[in-house]
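Asks: Contents of structure22.cif (mmCIF, C-alpha atoms):
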data_input
#
loop_
_atom_site.group_PDB
_atom_site.id
_atom_site.type_symbol
_atom_site.label_atom_id
_atom_site.label_comp_id
_atom_site.auth_asym_id
_atom_site.auth_seq_id
_atom_site.Cartn_x
_atom_site.Cartn_y
_atom_site.Cartn_z
ATOM 1 C CA MET A 159 0.000 0.000 0.000
ATOM 2 C CA ASN A 160 1.323 3.409 -0.970
ATOM 3 C CA SER A 161 1.116 6.087 1.711
ATOM 4 C CA LYS A 162 0.980 9.701 0.563
ATOM 5 C CA THR A 163 0.868 12.668 2.904
ATOM 6 C CA TYR A 164 -0.187 16.172 1.881
ATOM 7 C CA LEU A 165 0.151 19.467 3.729
ATOM 8 C CA ILE A 166 -2.185 22.215 2.541
ATOM 9 C CA ILE A 167 -1.484 25.665 3.950
ATOM 10 C CA GLY A 168 -4.553 27.892 3.930
ATOM 11 C CA GLY A 169 -7.032 25.027 3.934
ATOM 12 C CA THR A 170 -9.975 27.284 4.783
ATOM 13 C CA GLY A 171 -9.665 29.451 1.661
ATOM 14 C CA GLY A 172 -11.530 28.750 -1.541
ATOM 15 C CA ILE A 173 -8.665 27.050 -3.384
ATOM 16 C CA GLY A 174 -7.383 25.296 -0.264
ATOM 17 C CA GLN A 175 -10.772 23.776 0.541
ATOM 18 C CA ALA A 176 -11.210 22.702 -3.073
ATOM 19 C CA MET A 177 -7.804 21.032 -3.062
ATOM 20 C CA ILE A 178 -8.673 19.134 0.091
ATOM 21 C CA ALA A 179 -11.914 17.912 -1.486
ATOM 22 C CA GLN A 180 -10.156 16.915 -4.725
ATOM 23 C CA ILE A 181 -7.400 14.979 -2.970
ATOM 24 C CA LEU A 182 -9.745 13.143 -0.639
ATOM 25 C CA SER A 183 -12.223 12.255 -3.388
ATOM 26 C CA SER A 184 -9.632 11.137 -5.932
ATOM 27 C CA ALA A 185 -7.658 8.918 -3.566
ATOM 28 C CA LYS A 186 -7.573 5.395 -4.977
ATOM 29 C CA GLN A 187 -8.678 2.498 -2.837
ATOM 30 C CA HIS A 188 -5.212 0.959 -2.820
ATOM 31 C CA ASP A 189 -3.616 4.207 -1.662
ATOM 32 C CA SER A 190 -3.387 5.487 1.874
ATOM 33 C CA VAL A 191 -3.785 9.268 1.816
ATOM 34 C CA ASP A 192 -3.438 11.659 4.710
ATOM 35 C CA VAL A 193 -4.125 15.380 4.436
ATOM 36 C CA PHE A 194 -2.899 17.880 6.989
ATOM 37 C CA ALA A 195 -4.511 21.280 6.451
ATOM 38 C CA THR A 196 -4.104 24.558 8.291
ATOM 39 C CA TYR A 197 -6.603 27.092 9.531
ATOM 40 C CA TYR A 198 -5.983 30.533 10.991
ATOM 41 C CA ARG A 199 -8.712 31.290 13.528
ATOM 42 C CA SER A 200 -11.271 28.516 14.023
ATOM 43 C CA VAL A 201 -11.377 24.837 13.119
ATOM 44 C CA PRO A 202 -13.522 24.312 9.986
ATOM 45 C CA ASP A 203 -16.477 21.938 10.053
ATOM 46 C CA ILE A 204 -14.990 19.879 7.206
ATOM 47 C CA GLU A 205 -14.286 16.386 8.517
ATOM 48 C CA ALA A 206 -12.809 13.139 7.234
ATOM 49 C CA ASP A 207 -10.974 10.257 8.886
ATOM 50 C CA ASN A 208 -7.777 11.102 7.005
ATOM 51 C CA LEU A 209 -8.064 14.913 7.312
ATOM 52 C CA HIS A 210 -6.143 16.536 10.156
ATOM 53 C CA TRP A 211 -6.542 20.249 10.948
ATOM 54 C CA LEU A 212 -3.679 22.317 12.341
ATOM 55 C CA GLN A 213 -3.695 25.918 13.527
ATOM 56 C CA MET A 214 -1.137 28.083 11.730
ATOM 57 C CA ASP A 215 -0.504 31.794 11.415
ATOM 58 C CA VAL A 216 1.737 32.086 8.337
ATOM 59 C CA SER A 217 2.988 35.486 9.529
ATOM 60 C CA ASP A 218 4.414 33.907 12.723
ATOM 61 C CA GLU A 219 7.408 31.574 12.386
ATOM 62 C CA ASP A 220 6.786 30.030 15.802
ATOM 63 C CA SER A 221 3.288 29.074 14.676
ATOM 64 C CA ILE A 222 4.677 27.504 11.485
ATOM 65 C CA LYS A 223 7.231 25.525 13.500
ATOM 66 C CA GLN A 224 4.622 24.333 16.012
ATOM 67 C CA ALA A 225 2.358 23.056 13.235
ATOM 68 C CA THR A 226 5.161 21.161 11.513
ATOM 69 C CA ASP A 227 6.284 19.725 14.854
ATOM 70 C CA VAL A 228 2.790 18.267 15.289
ATOM 71 C CA ILE A 229 3.085 16.568 11.904
ATOM 72 C CA LYS A 230 6.513 15.176 12.824
ATOM 73 C CA GLN A 231 4.957 13.547 15.896
ATOM 74 C CA GLN A 232 2.376 11.770 13.736
ATOM 75 C CA ARG A 233 4.003 11.088 10.362
ATOM 76 C CA ALA A 234 7.528 10.359 9.148
ATOM 77 C CA HIS A 235 7.295 12.342 5.934
ATOM 78 C CA ILE A 236 5.345 14.719 3.693
ATOM 79 C CA ASP A 237 5.082 14.114 -0.050
ATOM 80 C CA TRP A 238 3.378 17.318 -1.210
ATOM 81 C CA VAL A 239 3.248 20.786 0.357
ATOM 82 C CA LEU A 240 0.725 23.196 -1.188
ATOM 83 C CA ASN A 241 0.710 26.780 0.089
ATOM 84 C CA CYS A 242 -2.602 28.397 -0.814
ATOM 85 C CA ALA A 243 -2.422 31.246 1.717
ATOM 86 C CA GLY A 244 -2.269 34.773 0.345
ATOM 87 C CA LEU A 245 -3.210 38.393 0.966
ATOM 88 C CA LEU A 246 -4.618 40.927 -1.501
ATOM 89 C CA HIS A 247 -6.801 43.174 0.638
ATOM 90 C CA THR A 248 -7.965 43.610 4.232
ATOM 91 C CA GLU A 249 -10.938 45.286 5.876
ATOM 92 C CA GLN A 250 -8.785 48.382 6.241
ATOM 93 C CA ALA A 251 -6.782 48.404 3.008
ATOM 94 C CA GLN A 252 -7.247 47.746 -0.701
ATOM 95 C CA PRO A 253 -4.590 47.281 -3.424
ATOM 96 C CA GLU A 254 -3.021 50.620 -4.250
ATOM 97 C CA LYS A 255 -3.885 52.270 -7.555
ATOM 98 C CA ALA A 256 -1.247 54.982 -7.132
ATOM 99 C CA LEU A 257 2.010 55.580 -5.279
ATOM 100 C CA ARG A 258 0.382 58.081 -2.901
ATOM 101 C CA GLN A 259 -1.697 55.215 -1.444
ATOM 102 C CA VAL A 260 1.317 53.083 -0.439
ATOM 103 C CA GLU A 261 1.486 52.645 3.331
ATOM 104 C CA THR A 262 4.208 50.879 5.272
ATOM 105 C CA ASP A 263 2.075 48.559 7.393
ATOM 106 C CA PHE A 264 0.021 47.186 4.489
ATOM 107 C CA PHE A 265 3.107 46.812 2.303
ATOM 108 C CA LEU A 266 4.948 44.854 4.987
ATOM 109 C CA GLN A 267 1.870 42.729 5.681
ATOM 110 C CA ASN A 268 1.805 41.748 1.999
ATOM 111 C CA MET A 269 5.486 40.865 2.099
ATOM 112 C CA GLN A 270 5.054 38.825 5.273
ATOM 113 C CA VAL A 271 2.135 36.744 4.034
ATOM 114 C CA ASN A 272 2.814 36.533 0.305
ATOM 115 C CA ALA A 273 6.619 36.340 0.167
ATOM 116 C CA LEU A 274 8.255 35.395 3.466
ATOM 117 C CA ALA A 275 5.747 32.773 4.631
ATOM 118 C CA SER A 276 6.616 30.257 1.901
ATOM 119 C CA LEU A 277 10.314 30.470 2.755
ATOM 120 C CA LEU A 278 9.611 29.877 6.438
ATOM 121 C CA ILE A 279 7.286 26.982 5.650
ATOM 122 C CA ALA A 280 9.977 25.432 3.432
ATOM 123 C CA LYS A 281 12.542 25.913 6.200
ATOM 124 C CA HIS A 282 10.507 23.886 8.669
ATOM 125 C CA VAL A 283 9.061 21.186 6.390
ATOM 126 C CA LYS A 284 12.361 20.318 4.708
ATOM 127 C CA PRO A 285 13.116 17.421 7.109
ATOM 128 C CA LEU A 286 9.705 15.904 6.330
ATOM 129 C CA LEU A 287 10.165 16.274 2.566
ATOM 130 C CA ALA A 288 13.643 14.756 2.875
ATOM 131 C CA LYS A 289 12.078 11.502 4.135
ATOM 132 C CA ALA A 290 9.558 11.199 1.294
ATOM 133 C CA GLU A 291 9.985 8.432 -1.270
ATOM 134 C CA ARG A 292 10.673 10.238 -4.525
ATOM 135 C CA SER A 293 12.351 10.072 -7.907
ATOM 136 C CA ASN A 294 12.930 12.381 -10.854
ATOM 137 C CA ASP A 295 9.680 11.261 -12.480
ATOM 138 C CA LYS A 296 7.699 11.270 -9.217
ATOM 139 C CA PRO A 297 9.247 14.030 -7.117
ATOM 140 C CA ALA A 298 8.103 15.402 -3.820
ATOM 141 C CA ILE A 299 6.272 18.689 -4.419
ATOM 142 C CA PHE A 300 6.588 22.115 -2.824
ATOM 143 C CA ALA A 301 4.071 24.352 -4.588
ATOM 144 C CA THR A 302 3.050 27.907 -3.826
ATOM 145 C CA ILE A 303 0.176 29.913 -5.269
ATOM 146 C CA SER A 304 1.474 33.126 -6.823
ATOM 147 C CA ALA A 305 -0.094 35.485 -9.378
ATOM 148 C CA ARG A 306 0.490 36.555 -12.963
ATOM 149 C CA VAL A 307 0.655 40.153 -11.715
ATOM 150 C CA GLY A 308 3.870 39.153 -9.946
ATOM 151 C CA SER A 309 5.538 38.799 -13.345
ATOM 152 C CA ILE A 310 7.751 41.843 -13.901
ATOM 153 C CA SER A 311 7.935 41.475 -17.679
ATOM 154 C CA ASP A 312 4.167 40.919 -17.945
ATOM 155 C CA ASN A 313 3.340 44.130 -16.070
ATOM 156 C CA GLN A 314 1.770 46.565 -18.533
ATOM 157 C CA VAL A 315 -0.741 48.447 -16.366
ATOM 158 C CA GLY A 316 0.995 49.110 -13.033
ATOM 159 C CA GLY A 317 -0.823 49.600 -9.732
ATOM 160 C CA TRP A 318 -1.258 47.126 -6.881
ATOM 161 C CA TYR A 319 2.181 48.028 -5.538
ATOM 162 C CA SER A 320 2.186 45.863 -2.405
ATOM 163 C CA TYR A 321 0.626 42.782 -4.000
ATOM 164 C CA ARG A 322 2.706 42.872 -7.187
ATOM 165 C CA THR A 323 5.933 43.480 -5.272
ATOM 166 C CA SER A 324 5.271 40.723 -2.741
ATOM 167 C CA LYS A 325 4.418 38.188 -5.440
ATOM 168 C CA ALA A 326 7.531 39.103 -7.423
ATOM 169 C CA ALA A 327 9.524 38.618 -4.218
ATOM 170 C CA LEU A 328 7.801 35.265 -3.659
ATOM 171 C CA ASN A 329 8.770 34.171 -7.164
ATOM 172 C CA MET A 330 12.416 35.059 -6.580
ATOM 173 C CA GLY A 331 12.410 33.304 -3.205
ATOM 174 C CA MET A 332 11.007 30.109 -4.710
ATOM 175 C CA LYS A 333 13.504 30.254 -7.595
ATOM 176 C CA ASN A 334 16.299 30.542 -5.029
ATOM 177 C CA LEU A 335 14.830 27.626 -3.092
ATOM 178 C CA SER A 336 14.650 25.437 -6.194
ATOM 179 C CA ILE A 337 18.360 26.029 -6.826
ATOM 180 C CA GLU A 338 19.398 25.297 -3.235
ATOM 181 C CA TRP A 339 17.242 22.187 -2.950
ATOM 182 C CA GLY A 340 18.451 21.070 -6.397
ATOM 183 C CA ARG A 341 21.823 20.664 -4.697
ATOM 184 C CA SER A 342 20.858 19.547 -1.200
ATOM 185 C CA LEU A 343 17.414 17.908 -1.514
ATOM 186 C CA LYS A 344 17.245 15.914 -4.701
ATOM 187 C CA ASP A 345 14.005 15.045 -6.490
ATOM 188 C CA VAL A 346 11.896 17.777 -4.938
ATOM 189 C CA CYS A 347 10.034 19.998 -7.402
ATOM 190 C CA VAL A 348 9.553 23.605 -6.281
ATOM 191 C CA VAL A 349 6.737 25.153 -8.325
ATOM 192 C CA VAL A 350 5.140 28.613 -8.388
ATOM 193 C CA MET A 351 1.594 28.510 -9.743
ATOM 194 C CA GLN A 352 -0.978 30.973 -11.054
ATOM 195 C CA PRO A 353 -4.483 29.575 -10.412
ATOM 196 C CA GLY A 354 -6.398 31.865 -12.756
ATOM 197 C CA THR A 355 -8.939 34.333 -11.412
ATOM 198 C CA VAL A 356 -10.919 32.255 -8.958
ATOM 199 C CA ASN A 357 -14.278 33.005 -7.384
ATOM 200 C CA THR A 358 -13.066 33.452 -3.797
ATOM 201 C CA GLN A 359 -13.142 36.130 -1.102
ATOM 202 C CA LEU A 360 -9.678 37.242 -2.234
ATOM 203 C CA SER A 361 -10.880 38.186 -5.722
ATOM 204 C CA ALA A 362 -14.461 39.171 -4.838
ATOM 205 C CA PRO A 363 -13.993 42.988 -4.929
ATOM 206 C CA PHE A 364 -12.397 42.811 -8.393
ATOM 207 C CA GLN A 365 -14.528 40.289 -10.271
ATOM 208 C CA SER A 366 -16.439 42.934 -12.237
ATOM 209 C CA ASN A 367 -13.297 43.450 -14.327
ATOM 210 C CA VAL A 368 -12.989 39.777 -15.270
ATOM 211 C CA ALA A 369 -13.948 38.830 -18.831
ATOM 212 C CA ASP A 370 -16.759 36.347 -19.373
ATOM 213 C CA GLY A 371 -15.575 32.775 -19.029
ATOM 214 C CA HIS A 372 -12.395 33.739 -17.184
ATOM 215 C CA LEU A 373 -13.692 33.511 -13.604
ATOM 216 C CA PHE A 374 -13.003 29.976 -12.411
ATOM 217 C CA SER A 375 -14.711 28.040 -9.646
ATOM 218 C CA PRO A 376 -12.361 26.938 -6.845
ATOM 219 C CA ALA A 377 -13.075 23.304 -7.758
ATOM 220 C CA TYR A 378 -12.055 23.816 -11.389
ATOM 221 C CA SER A 379 -8.889 25.724 -10.499
ATOM 222 C CA ALA A 380 -7.885 23.146 -7.870
ATOM 223 C CA GLU A 381 -8.452 20.274 -10.292
ATOM 224 C CA CYS A 382 -6.300 21.965 -12.936
ATOM 225 C CA LEU A 383 -3.503 22.828 -10.517
ATOM 226 C CA LEU A 384 -3.343 19.314 -9.068
ATOM 227 C CA GLU A 385 -3.324 17.796 -12.548
ATOM 228 C CA VAL A 386 -0.417 20.009 -13.597
ATOM 229 C CA LEU A 387 1.509 19.170 -10.430
ATOM 230 C CA SER A 388 0.955 15.437 -10.855
ATOM 231 C CA GLY A 389 2.801 15.590 -14.166
ATOM 232 C CA MET A 390 5.781 17.627 -12.976
ATOM 233 C CA THR A 391 9.268 16.122 -12.794
ATOM 234 C CA ALA A 392 12.175 17.109 -10.584
ATOM 235 C CA ALA A 393 13.839 18.641 -13.655
ATOM 236 C CA GLN A 394 11.006 21.205 -13.771
ATOM 237 C CA SER A 395 11.776 22.539 -10.294
ATOM 238 C CA GLY A 396 11.905 26.334 -10.366
ATOM 239 C CA SER A 397 9.001 26.643 -12.802
ATOM 240 C CA PHE A 398 6.433 29.469 -12.819
ATOM 241 C CA VAL A 399 3.328 28.073 -14.522
ATOM 242 C CA ASP A 400 -0.385 28.743 -14.768
ATOM 243 C CA TRP A 401 -3.380 26.514 -14.127
ATOM 244 C CA ALA A 402 -3.013 25.002 -17.613
ATOM 245 C CA GLY A 403 0.681 24.241 -17.158
ATOM 246 C CA GLU A 404 1.815 27.067 -19.434
ATOM 247 C CA SER A 405 5.006 28.886 -18.447
ATOM 248 C CA ILE A 406 4.698 32.492 -17.232
ATOM 249 C CA PRO A 407 7.595 34.939 -17.826
ATOM 250 C CA TRP A 408 9.335 36.039 -14.648
#
Using C-alpha cells, write down the structure that the file contains.
Replies:
Amino acid sequence: MNSKTYLIIGGTGGIGQAMIAQILSSAKQHDSVDVFATYYRSVPDIEADNLHWLQMDVSDEDSIKQATDVIKQQRAHIDWVLNCAGLLHTEQAQPEKALRQVETDFFLQNMQVNALASLLIAKHVKPLLAKAERSNDKPAIFATISARVGSISDNQVGGWYSYRTSKAALNMGMKNLSIEWGRSLKDVCVVVMQPGTVNTQLSAPFQSNVADGHLFSPAYSAECLLEVLSGMTAAQSGSFVDWAGESIPW
C-alpha cells in the first residue's frame, strides 16, 4: 500500500478547501492518503478520517514551527506541500492604484504573508520532505500559489504596488529555493503557480473586471492545478506556470 501525505497551507480558503476535497475524493482504494490542512482562527467543520486540521498563522514563524512539529509527531514524511495562503486586501486596506496610497504597514503585511511565509514553511518542512519516497519522475512537491501580476515582464498596467511586489519577491524566493534544494534535496520539485482568477473572497472585490468565461470556480482551479503538479518532474523545479501548465515569464 502506498502512503501519501499532503500538507495544505490555507485550507480554509476557496482554493485550499477545493484542493482538500479533490485529494480526498480522488484517492484510490489501494492508496493510503493523509491530508494535513491549516486554519488561521477557528477549526472548519470539514471532517474526514484522514483529514487533520492544524492551527497556523503564516505570519508567525513560531506558529509555522509548532504546526510542523505536530506533523513530525504523527508522520515520518510529507510528499506534497501546497501553500494556498495569500493576501490581496484587508478590511482596512485595498490594493493601491497609485504611489500616494502606499502605506508601510500594508506593504509589509503583503510581504510577510505573500513572500516570506513560503520560505519559512519550506525551512521547517524540509526534514519531512527529505524523508519522502521520490524520484525524478515522481518528485516530492513544494508548490506555492502566486499570481500573474507578480511577473515583472508581464506588467503593462501598473498599480497594486504591495501585492505585485510581494508576489515578485515570492517568485524570486522560490527560484532561489529550487536552486538550493536542487543541490541539497534531490528530487523535490519547487513550483510557483498561477491559479487563474478564482471566485473566492480574495478576488471578490475585483470580479467585475474579469472577462466572461475567465472567472473559475475553486473546484475547477484546484483540479487543474493538481493535474499540472501530478505531471511535474524534478527537472522542472523552479518553474512558474499557470493553471493550464503554461510557463509564465518572470
Asks: Starting from the PyMOL selection byres ((chain A and resi 375) around 9), expand the selection into actual residues of this file and give them as number ranges by chain.
Replies: A: 172-173, 355-358, 373-374, 376-380
Asks: State, in Å with one decimal place, the distance from atom CA of Glu261 of chain A to atom CA of Ala305 of chain A.
Replies: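 So the answer is 21.4 Å.
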Asks: Using only C-alpha atoms, which residues sit within 9 Å of Ser388 of chain A once same-chain residues fewer than 5 positions away are excluded, as a list in words?
Replies: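 Non-adjacent residues within range: Lys296, Ile299 and Leu383 of chain A.
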Asks: Quick check, in Å to one decimal: how far apart do atom CA of Ala185 of chain A and atom CA of Trp238 of chain A lie?
Replies: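 It comes out at 14.1 Å.
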Asks: Quick check, in Å to one decimal: how far apart do atom CA of Asn272 of chain A and atom CA of Gly308 of chain A lie?
Replies: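 Answer for the atom CA of Asn272 of chain A to atom CA of Gly308 of chain A separation: 10.6 Å.
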Asks: From the set A:Gln180, A:Ser309, A:Ser293, A:Ser221, which residue has the shortest atom-to-atom contact distance to Leu384 of chain A, counting only C-alpha atoms?
Replies: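 That would be A:Gln180, the residue with the smallest distance to Leu384 of chain A.
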Asks: Got a sec to resolve the PyMOL selection byres ((chain A and resi 265) around 9) on this structure and send the residues as a PyMOL selection string?
Replies: chain A and resi 260-264+266-270+319-321+323-324
